[in-house]
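Student: Please find my_file01.cif (mmCIF, C-alpha atoms) on the next line:
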data_query
#
loop_
_atom_site.label_atom_id
_atom_site.label_comp_id
_atom_site.auth_asym_id
_atom_site.auth_seq_id
_atom_site.Cartn_x
_atom_site.Cartn_y
_atom_site.Cartn_z
CA MET A 723 0.00 0.00 0.00
CA LEU A 724 2.83 2.37 0.87
CA GLN A 725 4.46 2.04 -2.52
CA ASN A 726 1.27 3.26 -4.18
CA ARG A 727 1.67 6.66 -2.52
CA VAL A 728 3.87 9.26 -4.17
CA VAL A 729 6.22 11.14 -1.86
CA GLY A 730 6.83 14.85 -2.07
CA ILE A 731 4.22 15.88 -4.68
CA ALA A 732 2.07 18.79 -3.64
CA GLY A 733 -1.40 17.73 -2.47
CA GLN A 734 -0.40 14.10 -2.01
CA PRO A 735 0.40 12.50 1.34
CA SER A 736 3.79 11.05 2.17
CA ASP A 737 4.44 7.54 3.43
CA THR A 738 4.80 9.09 6.88
CA ASP A 739 1.27 10.49 6.65
CA LEU A 740 -0.07 7.06 5.77
CA LEU A 741 1.79 5.47 8.68
CA LYS A 742 0.31 8.09 11.03
CA ALA A 743 -3.17 7.30 9.70
CA ILE A 744 -2.62 3.57 10.28
CA ALA A 745 -1.32 4.27 13.80
CA LEU A 746 -4.52 6.17 14.62
CA TYR A 747 -6.66 3.41 13.15
CA LEU A 748 -4.96 0.75 15.29
CA VAL A 749 -5.85 2.56 18.54
CA SER A 750 -9.46 3.30 17.56
CA ASP A 751 -12.47 1.76 19.26
CA PHE A 752 -13.23 -0.31 16.16
CA SER A 753 -9.76 -1.88 16.20
CA LYS A 754 -10.23 -2.92 19.84
CA TYR A 755 -13.71 -4.23 19.03
CA PHE A 756 -12.36 -6.31 16.14
CA GLN A 757 -9.47 -7.73 18.16
CA PHE A 758 -11.79 -8.74 21.01
CA PHE A 759 -13.68 -11.10 18.68
CA PHE A 760 -10.76 -12.42 16.64
CA SER A 761 -7.77 -12.56 19.01
CA PRO A 762 -7.66 -15.92 20.84
CA GLU A 763 -6.55 -14.44 24.18
CA TRP A 764 -8.31 -11.08 24.17
CA GLY A 765 -10.57 -10.90 27.20
CA VAL A 766 -9.66 -14.42 28.37
CA SER A 767 -6.26 -14.04 30.00
CA THR A 768 -4.13 -11.14 28.78
CA SER A 769 -5.60 -8.90 26.09
CA THR A 770 -2.92 -9.70 23.50
CA SER A 771 -3.43 -9.40 19.79
CA THR A 772 -1.64 -11.52 17.18
CA THR A 773 -0.07 -10.79 13.82
CA LYS A 774 -2.73 -12.94 12.20
CA THR A 775 -5.49 -10.85 13.76
CA LEU A 776 -3.87 -7.59 12.69
CA ARG A 777 -3.64 -8.85 9.12
CA MET A 778 -7.36 -9.66 9.21
CA LEU A 779 -8.23 -6.12 10.30
CA PRO A 780 -10.05 -4.35 7.41
CA LEU A 781 -8.17 -1.23 6.29
CA PRO A 782 -10.13 1.65 4.74
CA PHE A 783 -7.14 3.43 3.19
CA ALA A 784 -6.82 1.70 -0.20
CA LYS A 785 -9.71 3.64 -1.78
CA MET A 786 -9.24 6.77 0.29
CA LYS A 787 -8.43 10.09 -1.39
CA ASP A 788 -5.05 11.66 -0.79
CA ASN A 789 -6.59 14.66 0.99
CA ASP A 790 -8.29 12.30 3.43
CA ILE A 791 -4.97 10.69 4.35
CA SER A 792 -3.52 14.15 4.96
CA GLU A 793 -6.45 14.98 7.26
CA TRP A 794 -5.79 11.79 9.25
CA ALA A 795 -2.15 12.80 9.61
CA ALA A 796 -3.17 16.26 10.80
CA LEU A 797 -5.48 14.68 13.38
CA HIS A 798 -2.57 12.49 14.51
CA ALA A 799 -0.47 15.62 15.14
CA ARG A 800 -3.28 17.26 17.13
CA ILE A 801 -3.75 14.15 19.29
CA VAL A 802 0.00 13.91 19.98
CA GLN A 803 0.09 17.56 21.03
CA ALA A 804 -2.99 17.18 23.25
CA ALA A 805 -1.44 14.10 24.89
CA ARG A 806 1.75 16.05 25.60
CA ASN A 807 -0.26 18.89 27.11
CA GLU A 808 -2.11 16.44 29.33
CA ARG A 809 1.13 14.73 30.36
CA ASP A 810 2.66 18.09 31.26
CA SER A 811 -0.53 19.09 33.11
CA VAL A 812 -1.33 21.87 30.67
CA THR A 813 -5.11 22.00 31.19
CA PRO A 814 -7.03 24.05 28.59
CA LEU A 815 -9.77 26.26 30.01
CA PHE A 816 -13.30 24.81 29.42
CA GLY A 817 -11.86 21.96 27.32
CA GLU A 818 -10.22 24.26 24.77
CA ASP A 819 -7.18 26.52 24.91
CA GLN A 820 -7.02 30.07 23.63
CA THR A 821 -6.07 28.84 20.16
CA GLY A 822 -9.23 26.76 19.95
CA ALA A 823 -7.42 23.41 20.26
CA ALA A 824 -9.66 20.57 21.41
CA SER A 825 -8.98 18.44 24.47
CA LEU A 826 -7.56 14.92 24.15
CA ALA A 827 -10.96 13.34 24.92
CA GLN A 828 -12.62 15.42 22.21
CA LEU A 829 -9.93 14.44 19.70
CA ILE A 830 -10.33 10.74 20.53
CA ASP A 831 -14.07 11.09 19.89
CA GLU A 832 -13.24 12.77 16.57
CA LEU A 833 -10.89 9.90 15.72
CA ASN A 834 -13.55 7.27 16.35
CA ASP A 835 -16.14 9.19 14.33
CA THR A 836 -13.62 9.44 11.48
CA VAL A 837 -13.05 5.67 11.59
CA PHE A 838 -16.80 4.97 11.64
CA ARG A 839 -17.31 7.15 8.57
CA ALA A 840 -14.37 5.55 6.75
CA LEU A 841 -15.83 2.08 7.38
CA HIS A 842 -19.38 3.24 6.53
CA LEU A 843 -20.74 1.89 9.81
CA ARG A 844 -24.41 2.50 10.51
CA GLY A 845 -25.82 3.87 13.76
CA PHE A 846 -26.54 0.45 15.27
CA GLU A 847 -23.06 -0.82 14.39
CA ARG A 848 -21.44 2.27 15.93
CA ALA A 849 -23.45 1.77 19.11
CA LEU A 850 -22.31 -1.86 19.34
CA VAL A 851 -18.67 -0.81 19.08
CA ARG A 852 -18.95 2.01 21.62
CA ASP A 853 -20.91 -0.04 24.17
CA LEU A 854 -18.55 -3.02 24.00
CA VAL A 855 -15.32 -1.03 24.23
CA HIS A 856 -16.39 1.50 26.85
CA LEU A 857 -18.76 -0.58 28.97
CA ARG A 858 -19.01 -4.32 28.40
CA LEU A 859 -15.24 -4.89 28.33
CA GLN A 860 -15.27 -3.76 31.96
CA LEU A 861 -17.29 -6.87 32.83
CA ILE A 862 -14.98 -9.55 31.45
CA GLN A 863 -12.48 -11.70 33.35
CA GLY A 864 -14.68 -11.65 36.45
CA LYS A 865 -14.60 -7.87 36.77
CA VAL A 866 -17.63 -5.91 37.97
CA SER A 867 -16.99 -2.29 37.16
CA LYS A 868 -18.85 0.33 39.18
CA GLU A 869 -19.10 2.38 36.00
CA ALA A 870 -20.96 -0.46 34.26
CA VAL A 871 -23.36 -1.33 37.08
CA GLY A 872 -23.71 2.16 38.53
CA SER A 873 -26.72 4.39 37.97
CA PRO A 874 -27.06 5.96 34.51
CA SER A 875 -27.32 9.72 34.17
CA ASN A 876 -30.55 11.40 33.13
CA GLU A 877 -28.94 12.12 29.77
CA GLU A 878 -28.25 8.40 29.26
CA LEU A 879 -31.86 7.58 30.20
CA ARG A 880 -33.07 10.20 27.74
CA ARG A 881 -30.82 8.88 24.98
CA TYR A 882 -32.11 5.34 25.61
CA ALA A 883 -35.70 6.60 25.34
CA GLU A 884 -34.92 8.52 22.13
CA VAL A 885 -33.40 5.46 20.46
CA VAL A 886 -36.33 3.23 21.48
CA THR A 887 -38.83 5.79 20.19
CA ASP A 888 -36.96 6.28 16.91
CA GLU A 889 -36.72 2.52 16.31
CA LEU A 890 -40.44 1.96 16.97
CA ASP A 891 -41.43 4.93 14.80
CA ALA A 892 -39.22 3.59 11.99
CA PHE A 893 -41.04 0.23 12.19
CA VAL A 894 -44.44 1.89 11.58
CA ASP A 895 -43.04 4.33 9.02
CA ASP A 896 -45.57 3.16 6.43
CA HIS A 897 -48.36 4.28 8.81
CA PRO A 898 -47.74 8.04 9.21
CA SER A 899 -50.63 8.42 11.65
CA LEU A 900 -48.91 6.20 14.23
CA LYS A 901 -46.29 7.72 16.54
CA HIS A 902 -44.71 6.60 19.80
CA SER A 903 -43.86 8.37 23.03
CA THR A 904 -41.56 7.03 25.74
CA THR A 905 -41.50 8.02 29.41
CA VAL A 906 -38.86 6.80 31.86
CA VAL A 907 -39.82 6.97 35.53
CA GLN A 908 -37.06 6.06 37.98
CA ASN A 909 -36.89 5.87 41.76
CA GLY A 910 -33.13 5.51 42.24
CA ARG A 911 -33.10 1.70 42.22
CA SER A 912 -35.18 0.70 39.22
CA ALA A 913 -37.17 2.29 36.44
CA ILE A 914 -40.23 1.73 34.33
CA VAL A 915 -40.14 2.55 30.62
CA ALA A 916 -43.69 3.41 29.54
CA ILE A 917 -44.19 3.34 25.75
CA ARG A 918 -47.44 4.48 24.20
CA VAL A 919 -48.71 4.34 20.62
CA HIS A 920 -50.48 7.52 19.49
CA GLU A 921 -52.80 7.55 16.50
CA SER A 922 -53.60 10.68 14.48
CA ALA A 923 -52.52 13.23 17.12
CA ARG A 924 -48.77 13.58 17.64
CA PRO A 925 -47.63 13.19 21.27
CA LYS A 926 -46.92 16.41 23.15
CA ARG A 927 -43.63 14.93 24.38
CA ARG A 928 -41.96 12.11 22.46
CA VAL A 929 -39.44 11.49 25.24
CA HIS A 930 -39.61 12.30 28.92
CA VAL A 931 -37.46 11.31 31.91
CA GLU A 932 -38.56 12.00 35.47
CA ALA A 933 -37.79 11.01 39.02
CA ALA A 934 -40.62 9.25 40.77
CA SER A 935 -42.75 11.88 42.46
CA SER A 936 -45.44 10.72 44.87
CA ALA A 937 -47.87 10.25 41.97
CA ALA A 938 -45.24 8.69 39.71
CA ALA A 939 -44.06 6.46 42.54
CA ALA A 940 -47.60 5.17 42.93
CA GLN A 941 -47.76 4.47 39.20
CA LEU A 942 -44.38 2.73 39.36
CA ALA A 943 -45.53 0.57 42.26
CA SER A 944 -48.77 -0.28 40.45
CA ILE A 945 -46.97 -1.34 37.29
CA ARG A 946 -44.42 -3.32 39.29
CA SER A 947 -47.17 -5.14 41.16
CA ARG A 948 -48.80 -6.15 37.86
CA ILE A 949 -45.46 -7.42 36.61
CA ARG A 950 -44.96 -9.39 39.81
CA GLU A 951 -48.40 -10.98 39.44
CA LYS A 952 -47.43 -12.42 36.05
CA HIS A 953 -43.71 -13.00 36.66
CA SER A 954 -43.33 -13.36 40.42
CA GLN A 955 -40.89 -16.25 40.28
CA TRP A 956 -38.79 -14.63 37.53
CA ILE A 957 -38.60 -11.02 38.78
CA TYR A 958 -35.14 -11.57 40.29
CA PHE A 959 -33.72 -13.28 37.21
CA GLU A 960 -35.27 -11.50 34.24
CA ARG A 961 -33.62 -8.12 33.69
CA ASN A 962 -36.08 -6.61 31.21
CA LEU A 963 -39.63 -7.64 32.09
CA ARG A 964 -42.30 -6.40 29.72
CA LEU A 965 -46.03 -5.90 30.17
CA TYR A 966 -48.38 -5.19 27.25
CA GLU A 967 -51.70 -3.45 27.88
CA GLY A 968 -53.52 -2.27 24.78
CA ARG A 969 -51.54 0.58 23.24
CA ASN A 970 -49.19 0.72 26.23
CA THR A 971 -46.00 -1.24 26.76
CA TYR A 972 -44.17 -1.21 30.10
CA VAL A 973 -40.59 -2.36 30.54
CA PHE A 974 -39.25 -2.89 34.05
CA LYS A 975 -35.46 -2.40 34.16
CA PRO A 976 -32.80 -2.18 36.88
CA LEU A 977 -31.16 1.22 37.13
CA GLN A 978 -27.71 0.14 35.95
CA ARG A 979 -25.84 1.67 33.01
CA LEU A 980 -25.41 -1.74 31.39
CA HIS A 981 -29.16 -1.86 30.70
CA TRP A 982 -29.44 1.69 29.31
CA THR A 983 -26.98 1.74 26.42
CA GLU A 984 -27.87 2.66 22.85
CA SER A 985 -27.34 -0.89 21.64
CA GLN A 986 -29.59 -2.21 24.43
CA ALA A 987 -32.26 0.30 23.40
CA ILE A 988 -32.19 -1.05 19.84
CA LEU A 989 -32.37 -4.64 21.10
CA ASP A 990 -35.27 -3.78 23.44
CA ALA A 991 -37.16 -2.08 20.61
CA GLY A 992 -36.62 -5.15 18.40
CA THR A 993 -37.91 -7.44 21.15
CA ILE A 994 -41.02 -5.27 21.62
CA ILE A 995 -41.69 -5.35 17.87
CA ALA A 996 -41.22 -9.13 17.68
CA GLU A 997 -43.45 -9.84 20.69
CA THR A 998 -46.11 -7.44 19.45
CA LEU A 999 -46.22 -9.19 16.09
CA GLY A 1000 -46.32 -12.53 17.88
#
When written as structure tokens, how does the structure in this file appear?

Tutor:
Amino acid sequence: MLQNRVVGIAGQPSDTDLLKAIALYLVSDFSKYFQFFFSPEWGVSTSTSTTKTLRMLPLPFAKMKDNDISEWAALHARIVQAARNERDSVTPLFGEDQTGAASLAQLIDELNDTVFRALHLRGFERALVRDLVHLRLQLIQGKVSKEAVGSPSNEELRRYAEVVTDELDAFVDDHPSLKHSTTVVQNGRSAIVAIRVHESARPKRRVHVEAASSAAAAQLASIRSRIREKHSQWIYFERNLRLYEGRNTYVFKPLQRLHWTESQAILDAGTIIAETLG
């Protein structure tokens, strides 16, 4: 691949630029995701990759334009500089310095987005990569990460509800009169996801997240009691219990980040669709 790049011609990247692009690619979330599934030891004993696995890794550079390679190299330089600043405890104010340079975390996010675009990954595929690398890998080898089993933020609950609503709306896309709304009511330990189908009139709020007030707490307790009536012996084993009542669907979930990821939202929406059709 390197010999196909011309060195020193204006507008074309050098071999060094291509090597910098490859270096970035190898530390991306997708590279870690790929190695987890194809390296024999990754996640079992020591997370060690092999030459065979690296050769299997799909590379997006062969059909990439020269300007794109140069942009990857420029991103590499920005990440190196940000890493040096962080090592030397040079902390930019509000995440950016006076020259407008992004923080290291922001640049890593930019790197992963660049890789996703280069590989033409869809939203669901991107969510799978992010959730595995940043969350589920913290639960392998007998580990129980507080970050994975801790309480999700309101923003994570809202994002879960948005993804569920979007997926369900996409399923009934050929029926424009049908729309969904999703409300998440949580009491600090568990939460109920209430999904409603609206016909003709659009819902006032497609997505809503709220702490359990006295009224909401009563509703939460009522829904939980109905779930217990039908699933009493499974309530401690089943992590996503569902109850269907007319146009309403209720999902009882523990308040742990592991159960509120984007990929889990897509899987939950698919399960609701499948069980509704069934």

Student: Using only C-alpha atoms, I'd like a table of the residues in segment 834-947 of chain A that come within 8 Å of segment 740-763 of chain A; for each, show the closest atom pair and its distance in Å rounded to one decimal, ordered by chain and ascending number, as CSV.

Tutor:
residue,atom,partner,partner_atom,distance
A:Asn834,CA,A:Ser750,CA,5.8
A:Val837,CA,A:Tyr747,CA,7.0
A:Phe838,CA,A:Phe752,CA,7.8
A:Val851,CA,A:Tyr755,CA,6.0
A:Arg852,CA,A:Asp751,CA,6.9
A:Leu854,CA,A:Tyr755,CA,7.0
A:Val855,CA,A:Tyr755,CA,6.3

Student: With all atoms listed in the file as the atoms that count, which of A:Leu857, A:Arg839, A:Trp982, A:Arg918 lies nearest to Asp891 of chain A?

Tutor: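 Going through A:Leu857, A:Arg839, A:Trp982, A:Arg918 one by one, the smallest distance to Asp891 of chain A is for A:Arg918.
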
Student: As a PyMOL selection string, please: the residues near segment 899-909 of chain A (cut-off 7 Å, only C-alpha atoms, same-chain neighbours under 5 positions excluded).

Tutor: chain A and resi 883+887+890-891+894+914-922+924-925+927-934

Student: Might you spell out which residues the PyMOL selection byres ((chain A and resi 967) around 12) would select in the displayed file, as a PDB file with C-alpha atoms, in the coordinates of the input?

Tutor:
ATOM      1  CA  ALA A 916     -43.690   3.410  29.540  1.00  0.00           C
ATOM      2  CA  ILE A 917     -44.190   3.340  25.750  1.00  0.00           C
ATOM      3  CA  ARG A 918     -47.440   4.480  24.200  1.00  0.00           C
ATOM      4  CA  VAL A 919     -48.710   4.340  20.620  1.00  0.00           C
ATOM      5  CA  ILE A 945     -46.970  -1.340  37.290  1.00  0.00           C
ATOM      6  CA  ARG A 948     -48.800  -6.150  37.860  1.00  0.00           C
ATOM      7  CA  ILE A 949     -45.460  -7.420  36.610  1.00  0.00           C
ATOM      8  CA  ARG A 964     -42.300  -6.400  29.720  1.00  0.00           C
ATOM      9  CA  LEU A 965     -46.030  -5.900  30.170  1.00  0.00           C
ATOM     10  CA  TYR A 966     -48.380  -5.190  27.250  1.00  0.00           C
ATOM     11  CA  GLY A 968     -53.520  -2.270  24.780  1.00  0.00           C
ATOM     12  CA  ARG A 969     -51.540   0.580  23.240  1.00  0.00           C
ATOM     13  CA  ASN A 970     -49.190   0.720  26.230  1.00  0.00           C
ATOM     14  CA  THR A 971     -46.000  -1.240  26.760  1.00  0.00           C
ATOM     15  CA  TYR A 972     -44.170  -1.210  30.100  1.00  0.00           C
ATOM     16  CA  VAL A 973     -40.590  -2.360  30.540  1.00  0.00           C
ATOM     17  CA  THR A 998     -46.110  -7.440  19.450  1.00  0.00           C
TER      18      THR A 998
END

Student: Name the residues that the PyMOL selection byres ((chain A and resi 987) around 12) picks from the file above, as a ChimeraX atom specification, using the file's chain letters and numbers.

Tutor: /A:846,849-850,853,878-890,904,915,962,973,975,979-986,988-994

Student: So that I have them on file, write out the residues from the current selection with C-alpha atoms, as a PDB file, keeping the file's coordinate frame.

Tutor:
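Saved as part-v2.pdb:
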ATOM      1  CA  PHE A 846     -26.540   0.450  15.270  1.00  0.00           C
ATOM      2  CA  ALA A 849     -23.450   1.770  19.110  1.00  0.00           C
ATOM      3  CA  LEU A 850     -22.310  -1.860  19.340  1.00  0.00           C
ATOM      4  CA  ASP A 853     -20.910  -0.040  24.170  1.00  0.00           C
ATOM      5  CA  GLU A 878     -28.250   8.400  29.260  1.00  0.00           C
ATOM      6  CA  LEU A 879     -31.860   7.580  30.200  1.00  0.00           C
ATOM      7  CA  ARG A 880     -33.070  10.200  27.740  1.00  0.00           C
ATOM      8  CA  ARG A 881     -30.820   8.880  24.980  1.00  0.00           C
ATOM      9  CA  TYR A 882     -32.110   5.340  25.610  1.00  0.00           C
ATOM     10  CA  ALA A 883     -35.700   6.600  25.340  1.00  0.00           C
ATOM     11  CA  GLU A 884     -34.920   8.520  22.130  1.00  0.00           C
ATOM     12  CA  VAL A 885     -33.400   5.460  20.460  1.00  0.00           C
ATOM     13  CA  VAL A 886     -36.330   3.230  21.480  1.00  0.00           C
ATOM     14  CA  THR A 887     -38.830   5.790  20.190  1.00  0.00           C
ATOM     15  CA  ASP A 888     -36.960   6.280  16.910  1.00  0.00           C
ATOM     16  CA  GLU A 889     -36.720   2.520  16.310  1.00  0.00           C
ATOM     17  CA  LEU A 890     -40.440   1.960  16.970  1.00  0.00           C
ATOM     18  CA  THR A 904     -41.560   7.030  25.740  1.00  0.00           C
ATOM     19  CA  VAL A 915     -40.140   2.550  30.620  1.00  0.00           C
ATOM     20  CA  ASN A 962     -36.080  -6.610  31.210  1.00  0.00           C
ATOM     21  CA  VAL A 973     -40.590  -2.360  30.540  1.00  0.00           C
ATOM     22  CA  LYS A 975     -35.460  -2.400  34.160  1.00  0.00           C
ATOM     23  CA  ARG A 979     -25.840   1.670  33.010  1.00  0.00           C
ATOM     24  CA  LEU A 980     -25.410  -1.740  31.390  1.00  0.00           C
ATOM     25  CA  HIS A 981     -29.160  -1.860  30.700  1.00  0.00           C
ATOM     26  CA  TRP A 982     -29.440   1.690  29.310  1.00  0.00           C
ATOM     27  CA  THR A 983     -26.980   1.740  26.420  1.00  0.00           C
ATOM     28  CA  GLU A 984     -27.870   2.660  22.850  1.00  0.00           C
ATOM     29  CA  SER A 985     -27.340  -0.890  21.640  1.00  0.00           C
ATOM     30  CA  GLN A 986     -29.590  -2.210  24.430  1.00  0.00           C
ATOM     31  CA  ILE A 988     -32.190  -1.050  19.840  1.00  0.00           C
ATOM     32  CA  LEU A 989     -32.370  -4.640  21.100  1.00  0.00           C
ATOM     33  CA  ASP A 990     -35.270  -3.780  23.440  1.00  0.00           C
ATOM     34  CA  ALA A 991     -37.160  -2.080  20.610  1.00  0.00           C
ATOM     35  CA  GLY A 992     -36.620  -5.150  18.400  1.00  0.00           C
ATOM     36  CA  THR A 993     -37.910  -7.440  21.150  1.00  0.00           C
ATOM     37  CA  ILE A 994     -41.020  -5.270  21.620  1.00  0.00           C
TER      38      ILE A 994
END

Student: Find the distance between atom CA of Pro976 of chain A and atom CA of Ala913 of chain A and write it in Å to one decimal.

Tutor: 6.3 Å

Student: Just the number, please: distance in Å from atom CA of Thr773 of chain A to atom CA of Lys785 of chain A, one decimal.

Tutor: 23.3 Å

Student: Quick one: residues within 10 Å of Ala840 of chain A, all atoms listed in the file, excluding same-chain residues fewer than 4 positions away - as a PyMOL selection string?

Tutor: chain A and resi 781-783+785-786+790+834-836

Student: Between atom CA of His798 of chain A and atom CA of Glu832 of chain A, what is the distance, to one decimal in Å?

Tutor: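 Computing it gives 10.9 Å between the two atoms.
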
Student: When the PyMOL selection byres ((chain A and resi 828) around 12) is applied to the file above, which residues end up in the set, as a tab-separated table (two decimals) with C-alpha atoms, keeping the file's coordinate frame?

Tutor:
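Result saved to out18.tsv:
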chain	number	residue	atom	x	y	z
A	797	LEU	CA	-5.48	14.68	13.38
A	800	ARG	CA	-3.28	17.26	17.13
A	801	ILE	CA	-3.75	14.15	19.29
A	804	ALA	CA	-2.99	17.18	23.25
A	805	ALA	CA	-1.44	14.10	24.89
A	816	PHE	CA	-13.30	24.81	29.42
A	817	GLY	CA	-11.86	21.96	27.32
A	818	GLU	CA	-10.22	24.26	24.77
A	823	ALA	CA	-7.42	23.41	20.26
A	824	ALA	CA	-9.66	20.57	21.41
A	825	SER	CA	-8.98	18.44	24.47
A	826	LEU	CA	-7.56	14.92	24.15
A	827	ALA	CA	-10.96	13.34	24.92
A	829	LEU	CA	-9.93	14.44	19.70
A	830	ILE	CA	-10.33	10.74	20.53
A	831	ASP	CA	-14.07	11.09	19.89
A	832	GLU	CA	-13.24	12.77	16.57
A	833	LEU	CA	-10.89	9.90	15.72
A	834	ASN	CA	-13.55	7.27	16.35
A	835	ASP	CA	-16.14	9.19	14.33
